[in-house]
Structure formats: C-alpha cells, structure tokens
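Structure file input22.cif with mmCIF, C-alpha atoms:
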data_entry
loop_
_atom_site.group_PDB
_atom_site.id
_atom_site.type_symbol
_atom_site.label_atom_id
_atom_site.label_comp_id
_atom_site.auth_asym_id
_atom_site.auth_seq_id
_atom_site.Cartn_x
_atom_site.Cartn_y
_atom_site.Cartn_z
ATOM 1 C CA MET G 1 0.000 0.000 0.000
ATOM 2 C CA THR G 2 1.668 3.235 -1.083
ATOM 3 C CA ASN G 3 -1.125 5.674 -0.258
ATOM 4 C CA LEU G 4 -2.319 5.776 3.349
ATOM 5 C CA LYS G 5 -5.659 7.453 4.079
ATOM 6 C CA ASN G 6 -7.295 8.489 7.347
ATOM 7 C CA ILE G 7 -4.177 8.296 9.510
ATOM 8 C CA SER G 8 -2.906 10.119 12.558
ATOM 9 C CA MET G 9 0.786 10.978 12.815
ATOM 10 C CA ILE G 10 2.893 11.508 15.905
ATOM 11 C CA LYS G 11 4.888 14.713 15.389
ATOM 12 C CA GLU G 12 8.017 13.686 17.281
ATOM 13 C CA SER G 13 10.403 11.605 15.250
ATOM 14 C CA ASN G 14 12.161 8.461 16.430
ATOM 15 C CA ILE G 15 15.895 9.042 16.012
ATOM 16 C CA TYR G 16 18.395 6.210 16.461
ATOM 17 C CA PHE G 17 22.094 5.557 15.929
ATOM 18 C CA ASP G 18 23.243 9.192 16.162
ATOM 19 C CA GLY G 19 20.641 10.321 13.631
ATOM 20 C CA LYS G 20 21.485 7.740 10.973
ATOM 21 C CA VAL G 21 18.056 6.110 11.345
ATOM 22 C CA ALA G 22 14.896 8.204 11.689
ATOM 23 C CA SER G 23 11.201 7.392 11.498
ATOM 24 C CA ARG G 24 7.761 8.808 12.217
ATOM 25 C CA ALA G 25 4.940 6.829 13.774
ATOM 26 C CA ILE G 26 1.502 6.763 12.234
ATOM 27 C CA ILE G 27 -1.724 5.288 13.533
ATOM 28 C CA LEU G 28 -4.043 3.770 10.949
ATOM 29 C CA GLU G 29 -7.811 4.134 11.051
ATOM 30 C CA ASP G 30 -8.169 0.669 12.643
ATOM 31 C CA GLY G 31 -5.731 1.632 15.445
ATOM 32 C CA THR G 32 -2.701 -0.291 14.214
ATOM 33 C CA LYS G 33 0.695 1.411 14.372
ATOM 34 C CA GLN G 34 3.340 1.728 11.691
ATOM 35 C CA THR G 35 6.582 3.637 11.415
ATOM 36 C CA LEU G 36 7.870 5.135 8.174
ATOM 37 C CA GLY G 37 11.580 5.788 8.083
ATOM 38 C CA VAL G 38 14.903 6.170 6.378
ATOM 39 C CA MET G 39 18.260 4.562 7.204
ATOM 40 C CA GLN G 40 21.641 5.957 6.218
ATOM 41 C CA PRO G 41 24.513 3.593 5.338
ATOM 42 C CA GLY G 42 25.893 1.746 8.353
ATOM 43 C CA GLU G 43 25.517 -1.405 10.450
ATOM 44 C CA TYR G 44 22.656 -1.629 12.934
ATOM 45 C CA THR G 45 21.108 -4.063 15.396
ATOM 46 C CA PHE G 46 17.411 -3.546 16.094
ATOM 47 C CA ASN G 47 15.621 -5.030 19.110
ATOM 48 C CA THR G 48 11.918 -5.819 18.993
ATOM 49 C CA ASN G 49 9.276 -5.756 21.708
ATOM 50 C CA GLU G 50 6.379 -6.634 19.414
ATOM 51 C CA ALA G 51 6.373 -8.820 16.318
ATOM 52 C CA GLU G 52 7.033 -6.732 13.215
ATOM 53 C CA ILE G 53 6.556 -6.827 9.484
ATOM 54 C CA MET G 54 9.364 -4.867 7.831
ATOM 55 C CA GLU G 55 8.889 -3.571 4.296
ATOM 56 C CA MET G 56 12.153 -2.430 2.755
ATOM 57 C CA MET G 57 10.901 -0.263 -0.084
ATOM 58 C CA SER G 58 14.181 0.927 -1.596
ATOM 59 C CA GLY G 59 17.904 0.709 -0.952
ATOM 60 C CA GLU G 60 20.707 -1.819 -0.944
ATOM 61 C CA LEU G 61 21.106 -3.832 2.242
ATOM 62 C CA GLU G 62 21.956 -7.115 3.883
ATOM 63 C CA ILE G 63 20.078 -8.739 6.763
ATOM 64 C CA ARG G 64 20.660 -11.369 9.432
ATOM 65 C CA LEU G 65 17.437 -12.487 11.122
ATOM 66 C CA PRO G 66 17.151 -14.339 14.447
ATOM 67 C CA GLY G 67 18.508 -17.876 14.113
ATOM 68 C CA GLU G 68 20.559 -17.036 11.011
ATOM 69 C CA THR G 69 24.354 -17.068 11.126
ATOM 70 C CA GLU G 70 25.124 -15.318 7.842
ATOM 71 C CA PHE G 71 23.980 -12.049 6.289
ATOM 72 C CA ARG G 72 21.983 -12.235 3.063
ATOM 73 C CA THR G 73 21.212 -9.582 0.478
ATOM 74 C CA LEU G 74 17.677 -8.223 0.198
ATOM 75 C CA ASN G 75 16.339 -7.174 -3.179
ATOM 76 C CA THR G 76 14.065 -4.219 -2.523
ATOM 77 C CA PRO G 77 11.192 -3.958 -2.415
ATOM 78 C CA GLU G 78 11.095 -6.903 -0.040
ATOM 79 C CA THR G 79 9.215 -7.769 3.156
ATOM 80 C CA PHE G 80 10.257 -9.896 6.121
ATOM 81 C CA ASN G 81 8.839 -10.734 9.564
ATOM 82 C CA VAL G 82 10.604 -10.440 12.905
ATOM 83 C CA SER G 83 9.427 -12.165 16.084
ATOM 84 C CA ALA G 84 8.630 -10.269 19.271
ATOM 85 C CA ASN G 85 11.409 -9.961 21.870
ATOM 86 C CA SER G 86 14.198 -10.645 19.403
ATOM 87 C CA SER G 87 16.760 -8.722 17.392
ATOM 88 C CA PHE G 88 17.995 -8.537 13.831
ATOM 89 C CA ASP G 89 21.044 -7.050 12.117
ATOM 90 C CA LEU G 90 21.202 -4.851 9.034
ATOM 91 C CA LYS G 91 24.089 -3.690 6.876
ATOM 92 C CA ILE G 92 22.762 -0.691 4.965
ATOM 93 C CA LYS G 93 24.741 -0.005 1.778
ATOM 94 C CA THR G 94 22.702 2.913 0.364
ATOM 95 C CA VAL G 95 19.974 5.146 1.792
ATOM 96 C CA THR G 96 17.088 2.790 2.540
ATOM 97 C CA ASP G 97 13.378 3.613 2.828
ATOM 98 C CA TYR G 98 11.260 1.374 5.055
ATOM 99 C CA CYS G 99 7.868 0.823 6.692
ATOM 100 C CA CYS G 100 7.502 -1.164 9.908
ATOM 101 C CA SER G 101 4.097 -2.585 10.890
ATOM 102 C CA TYR G 102 3.667 -3.738 14.491
ATOM 103 C CA ILE G 103 1.718 -6.922 15.174
ATOM 104 C CA GLU G 104 0.020 -6.964 18.551
ATOM 105 C CA ALA G 105 -0.471 -10.374 20.110
#
What would you get if you wrote out this structure as structure tokens?
Amino acid sequence: MTNLKNISMIKESNIYFDGKVASRAIILEDGTKQTLGVMQPGEYTFNTNEAEIMEMMSGELEIRLPGETEFRTLNTPETFNVSANSSFDLKIKTVTDYCCSYIEA
C-alpha cells in the first residue's frame, strides 16, 4: 500500500544511531501502528518488543534475522517478519526507505 488514508501521525520523530536512522509513527484508522523511516549507510542491530513486518521499499542492504548465522542480500522492495522480543542485524549499503508494521499479540 503506497497511499495511506485516514491516519494520525505523531509529530516527534524516532531518532536512532546518532541520527542515521529516523522514522515517524503513524496510527491507521483501525488503530494499528506503523513507522515510516529512512536509514543511512551503516551497520545496525534492532531489538523488537512486538512482532514486526518490515517492508524495505528501496535501498541496498543485507540482513541477518534471528537464528541465522550469515547475512543475506535483500532485493528491494522486499518484506520480512521479525518475532517479538528478538533482534535482527542490518548492513545498509545505500539510503534505505522502510515501513515497519507492528503486530500486537
């Protein structure tokens, strides 16, 4: 979905890794939360509280999901799921645009 209608946005941005990753949270009409963000080149480890669906919409990157030992290249646009209370690693090669959807249990 590239066009979101009837949303609320939280004005304050989420800034991580010394400003190299930034996102804004939106609340959809049904109450679900998403974040829309951009990552600058670098290596990052993200921790999750809730299960997530990550949509990498553009950029060049590698990922290592929980239980994996090696990084693998993603071909954007590509989507992957991450379990709650876990972490995953990214190697961002070029500016990367993403959307994170949170899955409440």
Dump as a Markdown table the rows for residues of stretch 41-81 of chain G within 12 Å of stretch 11-29 of chain G: closest atom pair and distance in Å with one decimal, all atoms listed in the file counted, ordered by chain and rising residue number.
| residue | atom | partner | partner_atom | distance |
| --- | --- | --- | --- | --- |
| G:Pro41 | CA | G:Lys20 | CA | 7.6 |
| G:Gly42 | CA | G:Lys20 | CA | 7.9 |
| G:Glu43 | CA | G:Phe17 | CA | 9.5 |
| G:Tyr44 | CA | G:Phe17 | CA | 7.8 |
| G:Thr45 | CA | G:Phe17 | CA | 9.7 |
| G:Phe46 | CA | G:Tyr16 | CA | 9.8 |
| G:Asn47 | CA | G:Tyr16 | CA | 11.9 |
Residue subset to file, keeping C-alpha atoms, as a compact mmCIF listing (two decimals), in the coordinates of the input:
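To be explicit, this is the file written out as out_30.txt:
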# COMPACT_ATOMS: atom_id res chain seq x y z
CA PRO G 41 24.51 3.59 5.34
CA GLY G 42 25.89 1.75 8.35
CA GLU G 43 25.52 -1.40 10.45
CA TYR G 44 22.66 -1.63 12.93
CA THR G 45 21.11 -4.06 15.40
CA PHE G 46 17.41 -3.55 16.09
CA ASN G 47 15.62 -5.03 19.11
Give as number ranges by chain the residues that the PyMOL selection byres ((chain G and resi 51) around 8) matches when applied to the coordinates above.
G: 48-50, 52-53, 81-85, 102-105
How many Å lie between atom CA of G:Ile10 and atom CA of G:Glu62, rounded to one decimal?
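Distance between the two atoms: 29.2 Å.
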Restricting the calculation to only C-alpha atoms: of G:Leu61, G:Pro66, G:Glu55, G:Asp89, which residue gets closest to G:Gln40?
G:Leu61
For atom CA of G:Arg64 and atom CA of G:Ser86, the interatomic separation in Å (one decimal):
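Taking atom CA of G:Arg64 and atom CA of G:Ser86, their separation equals 11.9 Å.
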Name the residues that the PyMOL selection byres ((chain G and resi 75-79) around 10) picks from the file above, as a PyMOL selection string, using the file's chain letters and numbers.
chain G and resi 53-62+72-74+80-81+96-100
Atom CA of G:Ile63 to atom CA of G:Ser87, straight-line distance in Å:
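Interatomic distance, atom CA of G:Ser87 to atom CA of G:Ile63: 11.1 Å.
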One residue among G:Leu65, G:Ser101, G:Lys93, G:Asn3 is nearest to G:Gln34 when using only C-alpha atoms, and that residue is G:Ser101
Adding 5 Å on each side of the box along x, y and z that holds all listed atoms of stretch 25-33 of chain G, could you give its centre and edge lengths in Å to one decimal, as lines of an AutoDock Vina configuration file?
center_x = -1.6
center_y = 3.3
center_z = 13.2
size_x = 23.1
size_y = 17.1
size_z = 14.5
Restrict the output to stretch 17-43 of chain G and N, CA and C atoms, then write it as an mmCIF file, in the first residue's frame.
data_model
loop_
_atom_site.group_PDB
_atom_site.id
_atom_site.type_symbol
_atom_site.label_atom_id
_atom_site.label_comp_id
_atom_site.auth_asym_id
_atom_site.auth_seq_id
_atom_site.Cartn_x
_atom_site.Cartn_y
_atom_site.Cartn_z
ATOM 1 N N PHE G 17 20.748 5.692 16.481
ATOM 2 C CA PHE G 17 22.094 5.557 15.929
ATOM 3 C C PHE G 17 22.671 6.900 15.486
ATOM 4 N N ASP G 18 22.673 7.863 16.413
ATOM 5 C CA ASP G 18 23.243 9.192 16.162
ATOM 6 C C ASP G 18 22.639 9.876 14.937
ATOM 7 N N GLY G 19 21.347 9.665 14.722
ATOM 8 C CA GLY G 19 20.641 10.321 13.631
ATOM 9 C C GLY G 19 20.721 9.611 12.295
ATOM 10 N N LYS G 20 21.355 8.458 12.246
ATOM 11 C CA LYS G 20 21.485 7.740 10.973
ATOM 12 C C LYS G 20 20.234 6.951 10.605
ATOM 13 N N VAL G 21 19.337 6.755 11.587
ATOM 14 C CA VAL G 21 18.056 6.110 11.345
ATOM 15 C C VAL G 21 16.984 6.998 11.971
ATOM 16 N N ALA G 22 15.982 7.358 11.183
ATOM 17 C CA ALA G 22 14.896 8.204 11.689
ATOM 18 C C ALA G 22 13.579 7.716 11.114
ATOM 19 N N SER G 23 12.530 7.806 11.951
ATOM 20 C CA SER G 23 11.201 7.392 11.498
ATOM 21 C C SER G 23 10.143 8.240 12.179
ATOM 22 N N ARG G 24 8.947 8.169 11.638
ATOM 23 C CA ARG G 24 7.761 8.808 12.217
ATOM 24 C C ARG G 24 6.696 7.738 12.377
ATOM 25 N N ALA G 25 6.001 7.790 13.503
ATOM 26 C CA ALA G 25 4.940 6.829 13.774
ATOM 27 C C ALA G 25 3.613 7.354 13.250
ATOM 28 N N ILE G 26 2.858 6.445 12.676
ATOM 29 C CA ILE G 26 1.502 6.763 12.234
ATOM 30 C C ILE G 26 0.553 5.736 12.840
ATOM 31 N N ILE G 27 -0.678 6.165 13.038
ATOM 32 C CA ILE G 27 -1.724 5.288 13.533
ATOM 33 C C ILE G 27 -2.787 5.196 12.441
ATOM 34 N N LEU G 28 -3.053 3.981 11.993
ATOM 35 C CA LEU G 28 -4.043 3.770 10.949
ATOM 36 C C LEU G 28 -5.448 3.869 11.525
ATOM 37 N N GLU G 29 -6.415 3.971 10.649
ATOM 38 C CA GLU G 29 -7.811 4.134 11.051
ATOM 39 C C GLU G 29 -8.285 3.010 11.986
ATOM 40 N N ASP G 30 -7.758 1.796 11.800
ATOM 41 C CA ASP G 30 -8.169 0.669 12.643
ATOM 42 C C ASP G 30 -7.382 0.598 13.959
ATOM 43 N N GLY G 31 -6.487 1.568 14.202
ATOM 44 C CA GLY G 31 -5.731 1.632 15.445
ATOM 45 C C GLY G 31 -4.363 0.984 15.400
ATOM 46 N N THR G 32 -4.017 0.321 14.301
ATOM 47 C CA THR G 32 -2.701 -0.291 14.214
ATOM 48 C C THR G 32 -1.638 0.774 13.985
ATOM 49 N N LYS G 33 -0.413 0.466 14.450
ATOM 50 C CA LYS G 33 0.695 1.411 14.372
ATOM 51 C C LYS G 33 1.712 0.968 13.330
ATOM 52 N N GLN G 34 2.243 1.948 12.620
ATOM 53 C CA GLN G 34 3.340 1.728 11.691
ATOM 54 C C GLN G 34 4.357 2.837 11.892
ATOM 55 N N THR G 35 5.595 2.570 11.494
ATOM 56 C CA THR G 35 6.582 3.637 11.415
ATOM 57 C C THR G 35 7.109 3.686 9.990
ATOM 58 N N LEU G 36 7.318 4.894 9.502
ATOM 59 C CA LEU G 36 7.870 5.135 8.174
ATOM 60 C C LEU G 36 9.213 5.804 8.379
ATOM 61 N N GLY G 37 10.269 5.240 7.791
ATOM 62 C CA GLY G 37 11.580 5.788 8.083
ATOM 63 C C GLY G 37 12.597 5.637 6.981
ATOM 64 N N VAL G 38 13.768 6.188 7.285
ATOM 65 C CA VAL G 38 14.903 6.170 6.378
ATOM 66 C C VAL G 38 16.152 5.802 7.180
ATOM 67 N N MET G 39 16.995 4.950 6.592
ATOM 68 C CA MET G 39 18.260 4.562 7.204
ATOM 69 C C MET G 39 19.414 4.987 6.311
ATOM 70 N N GLN G 40 20.405 5.595 6.913
ATOM 71 C CA GLN G 40 21.641 5.957 6.218
ATOM 72 C C GLN G 40 22.579 4.747 6.234
ATOM 73 N N PRO G 41 23.569 4.714 5.333
ATOM 74 C CA PRO G 41 24.513 3.593 5.338
ATOM 75 C C PRO G 41 25.152 3.382 6.712
ATOM 76 N N GLY G 42 25.299 2.121 7.078
ATOM 77 C CA GLY G 42 25.893 1.746 8.353
ATOM 78 C C GLY G 42 25.447 0.350 8.747
ATOM 79 N N GLU G 43 25.897 -0.102 9.918
ATOM 80 C CA GLU G 43 25.517 -1.405 10.450
ATOM 81 C C GLU G 43 24.727 -1.188 11.728
#
